[in-house]
Every structure is written in structure tokens, then in C-alpha cells.
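> See work23.cif below, with mmCIF, C-alpha atoms.
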data_start
#
loop_
_atom_site.group_PDB
_atom_site.id
_atom_site.type_symbol
_atom_site.label_atom_id
_atom_site.label_comp_id
_atom_site.auth_asym_id
_atom_site.auth_seq_id
_atom_site.Cartn_x
_atom_site.Cartn_y
_atom_site.Cartn_z
ATOM 1 C CA MET A 1119 -26.434 -7.501 7.129
ATOM 2 C CA LYS A 1120 -27.081 -9.434 3.944
ATOM 3 C CA LEU A 1121 -25.783 -7.841 0.804
ATOM 4 C CA ASN A 1122 -26.372 -8.057 -2.924
ATOM 5 C CA ALA A 1123 -24.026 -10.072 -5.130
ATOM 6 C CA PRO A 1124 -23.496 -13.329 -6.974
ATOM 7 C CA ILE A 1125 -20.567 -15.439 -5.806
ATOM 8 C CA LEU A 1126 -18.449 -14.191 -8.706
ATOM 9 C CA LEU A 1127 -18.770 -10.752 -7.158
ATOM 10 C CA VAL A 1128 -19.002 -9.314 -10.647
ATOM 11 C CA ILE A 1129 -21.658 -6.635 -10.842
ATOM 12 C CA MET A 1130 -21.828 -3.305 -12.661
ATOM 13 C CA PHE A 1131 -22.559 0.381 -12.307
ATOM 14 C CA VAL A 1132 -24.621 3.352 -13.645
ATOM 15 C CA THR A 1133 -25.322 6.839 -12.308
ATOM 16 C CA PHE A 1134 -28.453 8.656 -11.241
ATOM 17 C CA ASN A 1135 -29.870 11.048 -13.844
ATOM 18 C CA GLY A 1136 -28.291 14.459 -13.343
ATOM 19 C CA CYS A 1137 -25.363 13.058 -11.335
ATOM 20 C CA LYS A 1138 -22.113 15.008 -11.553
ATOM 21 C CA PRO A 1139 -19.399 13.660 -13.921
ATOM 22 C CA GLU A 1140 -17.122 12.832 -10.983
ATOM 23 C CA ALA A 1141 -19.595 10.147 -9.912
ATOM 24 C CA ALA A 1142 -18.376 8.011 -12.789
ATOM 25 C CA SER A 1143 -14.713 8.174 -11.761
ATOM 26 C CA LEU A 1144 -15.059 8.157 -7.965
ATOM 27 C CA PRO A 1145 -15.750 4.390 -7.681
ATOM 28 C CA ASP A 1146 -12.576 3.759 -9.709
ATOM 29 C CA ASN A 1147 -10.571 6.111 -7.485
ATOM 30 C CA LEU A 1148 -11.978 4.468 -4.369
ATOM 31 C CA ALA A 1149 -11.020 1.001 -5.579
ATOM 32 C CA LYS A 1150 -7.533 2.154 -6.551
ATOM 33 C CA ALA A 1151 -7.020 3.663 -3.100
ATOM 34 C CA TYR A 1152 -7.496 0.189 -1.629
ATOM 35 C CA GLY A 1153 -5.242 -1.613 -4.115
ATOM 36 C CA ILE A 1154 -7.630 -3.172 -6.594
ATOM 37 C CA ASP A 1155 -4.832 -3.401 -9.181
ATOM 38 C CA ASN A 1156 -3.274 -6.088 -6.981
ATOM 39 C CA PHE A 1157 -6.447 -8.161 -6.730
ATOM 40 C CA ALA A 1158 -5.932 -9.721 -10.163
ATOM 41 C CA THR A 1159 -2.799 -11.510 -8.947
ATOM 42 C CA ALA A 1160 -4.393 -12.873 -5.762
ATOM 43 C CA LYS A 1161 -4.758 -16.663 -5.877
ATOM 44 C CA SER A 1162 -6.566 -16.876 -2.559
ATOM 45 C CA ILE A 1163 -7.824 -14.668 0.272
ATOM 46 C CA GLU A 1164 -8.231 -16.149 3.745
ATOM 47 C CA PHE A 1165 -9.839 -14.266 6.632
ATOM 48 C CA ILE A 1166 -11.759 -14.648 9.875
ATOM 49 C CA PHE A 1167 -14.832 -12.450 10.210
ATOM 50 C CA HIS A 1168 -15.883 -11.442 13.735
ATOM 51 C CA VAL A 1169 -18.945 -9.485 14.789
ATOM 52 C CA GLN A 1170 -20.132 -8.599 18.274
ATOM 53 C CA LYS A 1171 -23.599 -7.246 19.035
ATOM 54 C CA GLY A 1172 -24.006 -6.698 22.738
ATOM 55 C CA GLU A 1173 -23.251 -10.055 24.391
ATOM 56 C CA LYS A 1174 -23.570 -12.040 21.153
ATOM 57 C CA GLN A 1175 -20.437 -12.784 19.143
ATOM 58 C CA ILE A 1176 -20.061 -14.596 15.805
ATOM 59 C CA ALA A 1177 -16.920 -15.761 13.995
ATOM 60 C CA ARG A 1178 -16.612 -17.309 10.519
ATOM 61 C CA HIS A 1179 -13.386 -18.511 8.907
ATOM 62 C CA TRP A 1180 -13.209 -18.370 5.100
ATOM 63 C CA LYS A 1181 -10.783 -19.065 2.290
ATOM 64 C CA TRP A 1182 -11.747 -17.745 -1.130
ATOM 65 C CA PHE A 1183 -10.236 -18.693 -4.490
ATOM 66 C CA PRO A 1184 -11.561 -15.959 -6.834
ATOM 67 C CA LYS A 1185 -10.282 -17.437 -10.083
ATOM 68 C CA GLU A 1186 -11.768 -20.841 -9.282
ATOM 69 C CA LYS A 1187 -15.079 -19.392 -8.009
ATOM 70 C CA ARG A 1188 -14.544 -21.561 -4.947
ATOM 71 C CA VAL A 1189 -15.107 -20.794 -1.275
ATOM 72 C CA ILE A 1190 -14.070 -22.836 1.767
ATOM 73 C CA LEU A 1191 -15.778 -22.439 5.150
ATOM 74 C CA PHE A 1192 -13.834 -23.802 8.131
ATOM 75 C CA SER A 1193 -15.762 -25.054 11.143
ATOM 76 C CA PRO A 1194 -14.658 -24.249 14.723
ATOM 77 C CA GLN A 1195 -13.404 -27.843 14.934
ATOM 78 C CA GLY A 1196 -11.146 -27.308 11.914
ATOM 79 C CA ASP A 1197 -13.307 -29.213 9.465
ATOM 80 C CA LYS A 1198 -13.952 -27.579 6.132
ATOM 81 C CA SER A 1199 -16.565 -27.557 3.413
ATOM 82 C CA TYR A 1200 -16.526 -25.852 0.051
ATOM 83 C CA TYR A 1201 -18.822 -24.872 -2.785
ATOM 84 C CA GLN A 1202 -18.553 -23.583 -6.331
ATOM 85 C CA GLY A 1203 -20.292 -20.337 -7.172
ATOM 86 C CA ASP A 1204 -22.149 -21.655 -10.202
ATOM 87 C CA LYS A 1205 -23.248 -24.991 -8.680
ATOM 88 C CA MET A 1206 -24.991 -24.407 -5.366
ATOM 89 C CA SER A 1207 -27.579 -26.412 -3.464
ATOM 90 C CA GLU A 1208 -30.173 -24.606 -1.335
ATOM 91 C CA GLN A 1209 -28.037 -25.224 1.733
ATOM 92 C CA GLU A 1210 -24.961 -23.842 -0.030
ATOM 93 C CA LYS A 1211 -26.902 -20.738 -1.023
ATOM 94 C CA GLY A 1212 -27.390 -20.039 2.676
ATOM 95 C CA VAL A 1213 -23.637 -20.304 3.205
ATOM 96 C CA ASP A 1214 -23.068 -18.125 0.154
ATOM 97 C CA ALA A 1215 -25.264 -15.384 1.633
ATOM 98 C CA LYS A 1216 -23.040 -15.327 4.736
ATOM 99 C CA PHE A 1217 -19.906 -15.238 2.599
ATOM 100 C CA ILE A 1218 -21.261 -12.343 0.537
ATOM 101 C CA ASN A 1219 -21.992 -10.392 3.712
ATOM 102 C CA ASP A 1220 -18.563 -11.037 5.235
ATOM 103 C CA SER A 1221 -16.556 -10.459 2.057
ATOM 104 C CA TYR A 1222 -18.428 -7.213 1.367
ATOM 105 C CA TRP A 1223 -17.238 -5.822 4.684
ATOM 106 C CA LEU A 1224 -13.756 -7.016 3.747
ATOM 107 C CA LEU A 1225 -13.553 -5.601 0.202
ATOM 108 C CA PHE A 1226 -16.430 -3.187 -0.282
ATOM 109 C CA PRO A 1227 -14.287 -0.571 -2.111
ATOM 110 C CA PHE A 1228 -13.762 -3.161 -4.845
ATOM 111 C CA GLN A 1229 -17.461 -4.000 -4.979
ATOM 112 C CA VAL A 1230 -18.289 -0.412 -5.858
ATOM 113 C CA LYS A 1231 -16.035 -0.575 -8.912
ATOM 114 C CA TRP A 1232 -17.257 -4.029 -9.848
ATOM 115 C CA GLY A 1233 -20.810 -2.719 -9.438
ATOM 116 C CA ARG A 1234 -21.344 -1.351 -12.946
ATOM 117 C CA ASP A 1235 -24.840 -2.094 -14.304
ATOM 118 C CA ASN A 1236 -26.327 -3.040 -10.930
ATOM 119 C CA LEU A 1237 -25.644 0.244 -9.110
ATOM 120 C CA LEU A 1238 -27.009 3.751 -8.957
ATOM 121 C CA THR A 1239 -24.574 6.365 -7.597
ATOM 122 C CA LEU A 1240 -24.691 9.927 -6.329
ATOM 123 C CA VAL A 1241 -21.902 12.253 -5.129
ATOM 124 C CA LYS A 1242 -22.165 15.202 -2.719
ATOM 125 C CA GLU A 1243 -19.310 17.408 -1.538
ATOM 126 C CA ASN A 1244 -18.643 18.879 1.930
ATOM 127 C CA VAL A 1245 -20.861 16.489 3.849
ATOM 128 C CA THR A 1246 -20.323 16.067 7.601
ATOM 129 C CA SER A 1247 -19.734 12.459 8.636
ATOM 130 C CA PRO A 1248 -22.223 11.146 11.216
ATOM 131 C CA ILE A 1249 -19.738 9.791 13.789
ATOM 132 C CA GLY A 1250 -16.522 11.800 13.514
ATOM 133 C CA LYS A 1251 -18.241 15.012 12.368
ATOM 134 C CA GLN A 1252 -15.585 15.577 9.699
ATOM 135 C CA LYS A 1253 -16.033 17.163 6.276
ATOM 136 C CA THR A 1254 -16.118 14.462 3.629
ATOM 137 C CA THR A 1255 -17.200 13.630 0.101
ATOM 138 C CA LEU A 1256 -20.348 11.515 0.219
ATOM 139 C CA LEU A 1257 -20.596 8.714 -2.319
ATOM 140 C CA THR A 1258 -23.987 7.003 -2.187
ATOM 141 C CA VAL A 1259 -24.418 3.687 -3.980
ATOM 142 C CA GLN A 1260 -27.708 1.822 -4.248
ATOM 143 C CA TYR A 1261 -28.362 -1.584 -5.722
ATOM 144 C CA LYS A 1262 -31.158 -2.013 -8.213
ATOM 145 C CA ASN A 1263 -34.305 -3.778 -7.137
ATOM 146 C CA GLU A 1264 -34.117 -6.936 -9.226
ATOM 147 C CA ASP A 1265 -30.861 -8.613 -8.192
ATOM 148 C CA GLY A 1266 -29.035 -10.056 -5.200
ATOM 149 C CA TYR A 1267 -30.036 -11.306 -1.765
ATOM 150 C CA THR A 1268 -31.386 -7.950 -0.531
ATOM 151 C CA PRO A 1269 -32.200 -5.767 -3.566
ATOM 152 C CA GLY A 1270 -32.501 -2.017 -3.149
ATOM 153 C CA ASP A 1271 -29.960 -1.705 -0.319
ATOM 154 C CA ALA A 1272 -28.007 1.556 -0.216
ATOM 155 C CA TYR A 1273 -24.672 2.601 1.277
ATOM 156 C CA ASP A 1274 -23.498 6.116 2.117
ATOM 157 C CA LEU A 1275 -19.687 6.212 1.975
ATOM 158 C CA TYR A 1276 -18.001 9.181 3.684
ATOM 159 C CA LEU A 1277 -14.664 9.623 1.901
ATOM 160 C CA SER A 1278 -11.477 11.480 2.781
ATOM 161 C CA GLU A 1279 -9.466 13.598 0.353
ATOM 162 C CA LYS A 1280 -7.465 10.436 -0.390
ATOM 163 C CA ASN A 1281 -10.660 8.626 -1.480
ATOM 164 C CA GLU A 1282 -10.565 6.397 1.590
ATOM 165 C CA ILE A 1283 -13.706 5.430 3.511
ATOM 166 C CA MET A 1284 -13.816 7.091 6.923
ATOM 167 C CA GLU A 1285 -17.331 5.947 7.845
ATOM 168 C CA TRP A 1286 -20.292 4.369 6.112
ATOM 169 C CA THR A 1287 -24.025 4.028 6.614
ATOM 170 C CA TYR A 1288 -26.012 1.011 5.500
ATOM 171 C CA ARG A 1289 -29.649 1.655 4.568
ATOM 172 C CA LYS A 1290 -31.710 -1.497 4.169
ATOM 173 C CA GLY A 1291 -33.896 -1.272 1.079
ATOM 174 C CA GLY A 1292 -32.665 2.286 0.499
ATOM 175 C CA GLY A 1293 -34.637 3.621 3.483
ATOM 176 C CA GLU A 1294 -33.570 5.278 6.720
ATOM 177 C CA PRO A 1295 -30.112 4.494 8.186
ATOM 178 C CA THR A 1296 -29.904 0.936 9.502
ATOM 179 C CA LYS A 1297 -26.307 0.941 10.760
ATOM 180 C CA THR A 1298 -23.421 3.456 10.735
ATOM 181 C CA THR A 1299 -19.851 2.405 11.524
ATOM 182 C CA THR A 1300 -16.265 3.555 11.289
ATOM 183 C CA TRP A 1301 -13.592 2.204 8.940
ATOM 184 C CA GLU A 1302 -10.414 1.801 10.999
ATOM 185 C CA ASP A 1303 -7.061 0.037 11.333
ATOM 186 C CA VAL A 1304 -6.286 -0.214 7.632
ATOM 187 C CA LYS A 1305 -3.576 -2.797 6.962
ATOM 188 C CA VAL A 1306 -1.885 -3.914 3.738
ATOM 189 C CA PHE A 1307 -1.917 -7.543 2.612
ATOM 190 C CA ASN A 1308 0.083 -8.249 -0.527
ATOM 191 C CA GLY A 1309 -0.790 -4.810 -1.893
ATOM 192 C CA ILE A 1310 -4.501 -4.935 -0.907
ATOM 193 C CA ARG A 1311 -5.544 -2.438 1.793
ATOM 194 C CA ILE A 1312 -8.215 -3.661 4.206
ATOM 195 C CA ALA A 1313 -9.976 -1.851 7.052
ATOM 196 C CA THR A 1314 -9.744 -4.452 9.804
ATOM 197 C CA LYS A 1315 -12.025 -2.775 12.372
ATOM 198 C CA HIS A 1316 -15.513 -1.242 12.331
ATOM 199 C CA GLN A 1317 -17.711 -0.034 15.175
ATOM 200 C CA ASN A 1318 -20.753 2.152 15.720
ATOM 201 C CA LYS A 1319 -20.855 5.366 17.721
ATOM 202 C CA ASN A 1320 -21.894 3.706 20.985
ATOM 203 C CA GLY A 1321 -19.459 0.819 20.686
ATOM 204 C CA ASP A 1322 -22.165 -1.808 21.213
ATOM 205 C CA PHE A 1323 -21.613 -3.092 17.671
ATOM 206 C CA LYS A 1324 -18.103 -4.152 16.681
ATOM 207 C CA LEU A 1325 -16.885 -5.970 13.572
ATOM 208 C CA TRP A 1326 -13.309 -6.941 12.866
ATOM 209 C CA PHE A 1327 -11.053 -9.227 10.840
ATOM 210 C CA ASP A 1328 -8.004 -11.260 11.706
ATOM 211 C CA GLY A 1329 -6.161 -14.206 10.207
ATOM 212 C CA ILE A 1330 -5.988 -12.361 6.882
ATOM 213 C CA VAL A 1331 -3.701 -13.953 4.307
ATOM 214 C CA VAL A 1332 -3.574 -12.887 0.660
ATOM 215 C CA GLU A 1333 -1.569 -15.174 -1.592
#
Can the structure from this file be put into C-alpha cells for me?

Amino acid sequence: MKLNAPILLVIMFVTFNGCKPEAASLPDNLAKAYGIDNFATAKSIEFIFHVQKGEKQIARHWKWFPKEKRVILFSPQGDKSYYQGDKMSEQEKGVDAKFINDSYWLLFPFQVKWGRDNLLTLVKENVTSPIGKQKTTLLTVQYKNEDGYTPGDAYDLYLSEKNEIMEWTYRKGGGEPTKTTTWEDVKVFNGIRIATKHQNKNGDFKLWFDGIVVE
């Protein structure tokens, strides 16, 4: 899944016409639930992204320095390469697209708050989640059509009473559901809460993180 964002991961947020007032505060509450107040003190975030689709498995090892706008990609042999967010070659843009995808899975609750002017949002109460069949608050966010790697993508976030994501659905281009997964095994890293495991209903798609270090 390729997602919309510049490397700075600074994007903004508006609401649909007629959206309830709570739509404006829910992204803030979501981000707070996952520890966004602690992000400002993070010097670096290192993680290994894993995804398994049937027999195919992919792993990518990253280290991100948010304040420096710098990203390091480690090869399986231990070599490393890096790029700056505001000075990218065409080849580096391809790497950046992978980093955006992987880091969105890692910190999507923060992306919703950072979304601001590039997001449309909608809130619905008492919505049944597609996998667990639990009553949730549905927060839908959709990126505008002019920005990012895949403009127009939408995400349906099924939230608990604690404003935590229980499940989400990705809709490519804002259309029909493309992928629905759980949000599981939440762990705390230097005050930042991260869901380290995601899988679909059938279990033939699994995505997880390890090697997470927040400094």
C-alpha cells in the first residue's frame, strides 16, 4: 500500500461539510492516545517492517531522524544508505515511497493529526467493526486529490471508547475496501504507543514490526 505524504510527514486537516463538531477534535484525541506529545522529544526512530502475503514475505529496516529530515535504509547485508527529504533523486523517491508506506503503518494515529489541510474527515457513532463485530466510533479520513503518492486514498478507522484503533480499512482512491486489518499488540516505546501487529480476517495477510527503538 502506497500512502500520501512528503518525507517531512507534515500535512494538514479539514472536515467534510456538515461534519459533526467532534470530527475536529477526534484526530487530536486519537494522536494523544498513542503518545504524540512524546514524539517531539524523539531524536530517532528505528524499526523493521515485515509483511507477509501468502508465501511472499518482505522486510525493510529503517532508522528515521525526524528533526534532520533524514532516513537510513539498512540492507540485509548490514550496509546502509540515506537520503534527505528535501533533496531526493528519482531513485531516492522510490525509497521514500516505501518509507512513507512503512512509517504510516507504524505511526498512522499521528498522521491523522498532522493531516490538517490535506484531509477530509467524517465521524459516525455506533458502527460495527468489520472483523471483530464490535461497536465502535468510525473516523473516516480521506486525502485530497492533488497531493502525495496515491491521492484520494481513504481510511476507515474503527475506534474504541479510549480513542484507540481496533481495526482499519484502506480504500484505494476512496473507493471500495481494498484491505481491512486488525490493530494488535500495542507496545510502548519511550512514551510512544505502537500497534506492532496487523492481520486480515483470513490471516493470509500479516504485517508486523520488531526491532523498534525510540531514542
> Between CA of Thr1299 (chain A) and CA of Leu1240 (chain A), what distance in Å does the model show, to one decimal?
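These two atoms are separated by 20.0 Å.
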> If you measure from CA of Glu1164 (chain A) to CA of Lys1198 (chain A), what distance in Å do you get, rounded to one decimal?
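So the two atoms, CA of Glu1164 (chain A) and CA of Lys1198 (chain A), lie 13.0 Å apart.
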> Excluding Ala1177 (chain A) and its own-chain neighbours fewer than 3 positions away, which residues fall within 8 Å of it when counting only C-alpha atoms? Please give them as an NGL selection string.
:A and (1166-1169)
> Could those residues be written to a file, using C-alpha atoms, as a PDB file, in the coordinates of the input?

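Below is the file out-v7.pdb, written as the result:
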ATOM      1  CA  ILE A1166     -11.759 -14.648   9.875  1.00  0.00           C
ATOM      2  CA  PHE A1167     -14.832 -12.450  10.210  1.00  0.00           C
ATOM      3  CA  HIS A1168     -15.883 -11.442  13.735  1.00  0.00           C
ATOM      4  CA  VAL A1169     -18.945  -9.485  14.789  1.00  0.00           C
TER       5      VAL A1169
END
> With the file shown as input, list the residues that the PyMOL selection byres ((chain A and resi 1310) around 10) selects, as an mmCIF file with C-alpha atoms, in the coordinates of the input.

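result14.cif, freshly written:
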data_model
loop_
_atom_site.group_PDB
_atom_site.id
_atom_site.type_symbol
_atom_site.label_atom_id
_atom_site.label_comp_id
_atom_site.auth_asym_id
_atom_site.auth_seq_id
_atom_site.Cartn_x
_atom_site.Cartn_y
_atom_site.Cartn_z
ATOM 1 C CA ALA A 1149 -11.020 1.001 -5.579
ATOM 2 C CA LYS A 1150 -7.533 2.154 -6.551
ATOM 3 C CA ALA A 1151 -7.020 3.663 -3.100
ATOM 4 C CA TYR A 1152 -7.496 0.189 -1.629
ATOM 5 C CA GLY A 1153 -5.242 -1.613 -4.115
ATOM 6 C CA ILE A 1154 -7.630 -3.172 -6.594
ATOM 7 C CA ASP A 1155 -4.832 -3.401 -9.181
ATOM 8 C CA ASN A 1156 -3.274 -6.088 -6.981
ATOM 9 C CA PHE A 1157 -6.447 -8.161 -6.730
ATOM 10 C CA ALA A 1160 -4.393 -12.873 -5.762
ATOM 11 C CA LEU A 1225 -13.553 -5.601 0.202
ATOM 12 C CA VAL A 1304 -6.286 -0.214 7.632
ATOM 13 C CA LYS A 1305 -3.576 -2.797 6.962
ATOM 14 C CA VAL A 1306 -1.885 -3.914 3.738
ATOM 15 C CA PHE A 1307 -1.917 -7.543 2.612
ATOM 16 C CA ASN A 1308 0.083 -8.249 -0.527
ATOM 17 C CA GLY A 1309 -0.790 -4.810 -1.893
ATOM 18 C CA ARG A 1311 -5.544 -2.438 1.793
ATOM 19 C CA ILE A 1312 -8.215 -3.661 4.206
ATOM 20 C CA VAL A 1332 -3.574 -12.887 0.660
#
> Report as a list in words the residues that result from applying the PyMOL selection byres ((chain A and resi 1203) around 6) to the structure here.
Ile1125, Lys1187, Gln1202, Asp1204 and Lys1205 of chain A
> What separation in Å, quoted to one decimal, exists between CA of Leu1237 (chain A) and CA of Thr1258 (chain A)?
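A separation of 9.8 Å between them.
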> Can you turn the PyMOL selection byres ((chain A and resi 1255) around 6) into a concrete residue list for this file, as a list in words?
Lys1242, Glu1243, Asn1244, Val1245, Thr1254, Leu1256, Tyr1276 and Leu1277 of chain A
> Distance cut-off 10 Å, centre (-0.3, -17.7, 5.0) in file coordinates, counting all atoms listed in the file: which residues qualify? Return them as a count of residues only.
8
> Is it possible to get the residues within 8 Å of (-21.8, 5.9, 17.7) (coordinates as in the file, counting all atoms listed in the file) written as a PDB file with C-alpha atoms, keeping the file's coordinate frame?

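File written: result.pdb
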ATOM      1  CA  ILE A1249     -19.738   9.791  13.789  1.00  0.00           C
ATOM      2  CA  THR A1298     -23.421   3.456  10.735  1.00  0.00           C
ATOM      3  CA  THR A1299     -19.851   2.405  11.524  1.00  0.00           C
ATOM      4  CA  GLN A1317     -17.711  -0.034  15.175  1.00  0.00           C
ATOM      5  CA  ASN A1318     -20.753   2.152  15.720  1.00  0.00           C
ATOM      6  CA  LYS A1319     -20.855   5.366  17.721  1.00  0.00           C
ATOM      7  CA  ASN A1320     -21.894   3.706  20.985  1.00  0.00           C
ATOM      8  CA  GLY A1321     -19.459   0.819  20.686  1.00  0.00           C
TER       9      GLY A1321
END
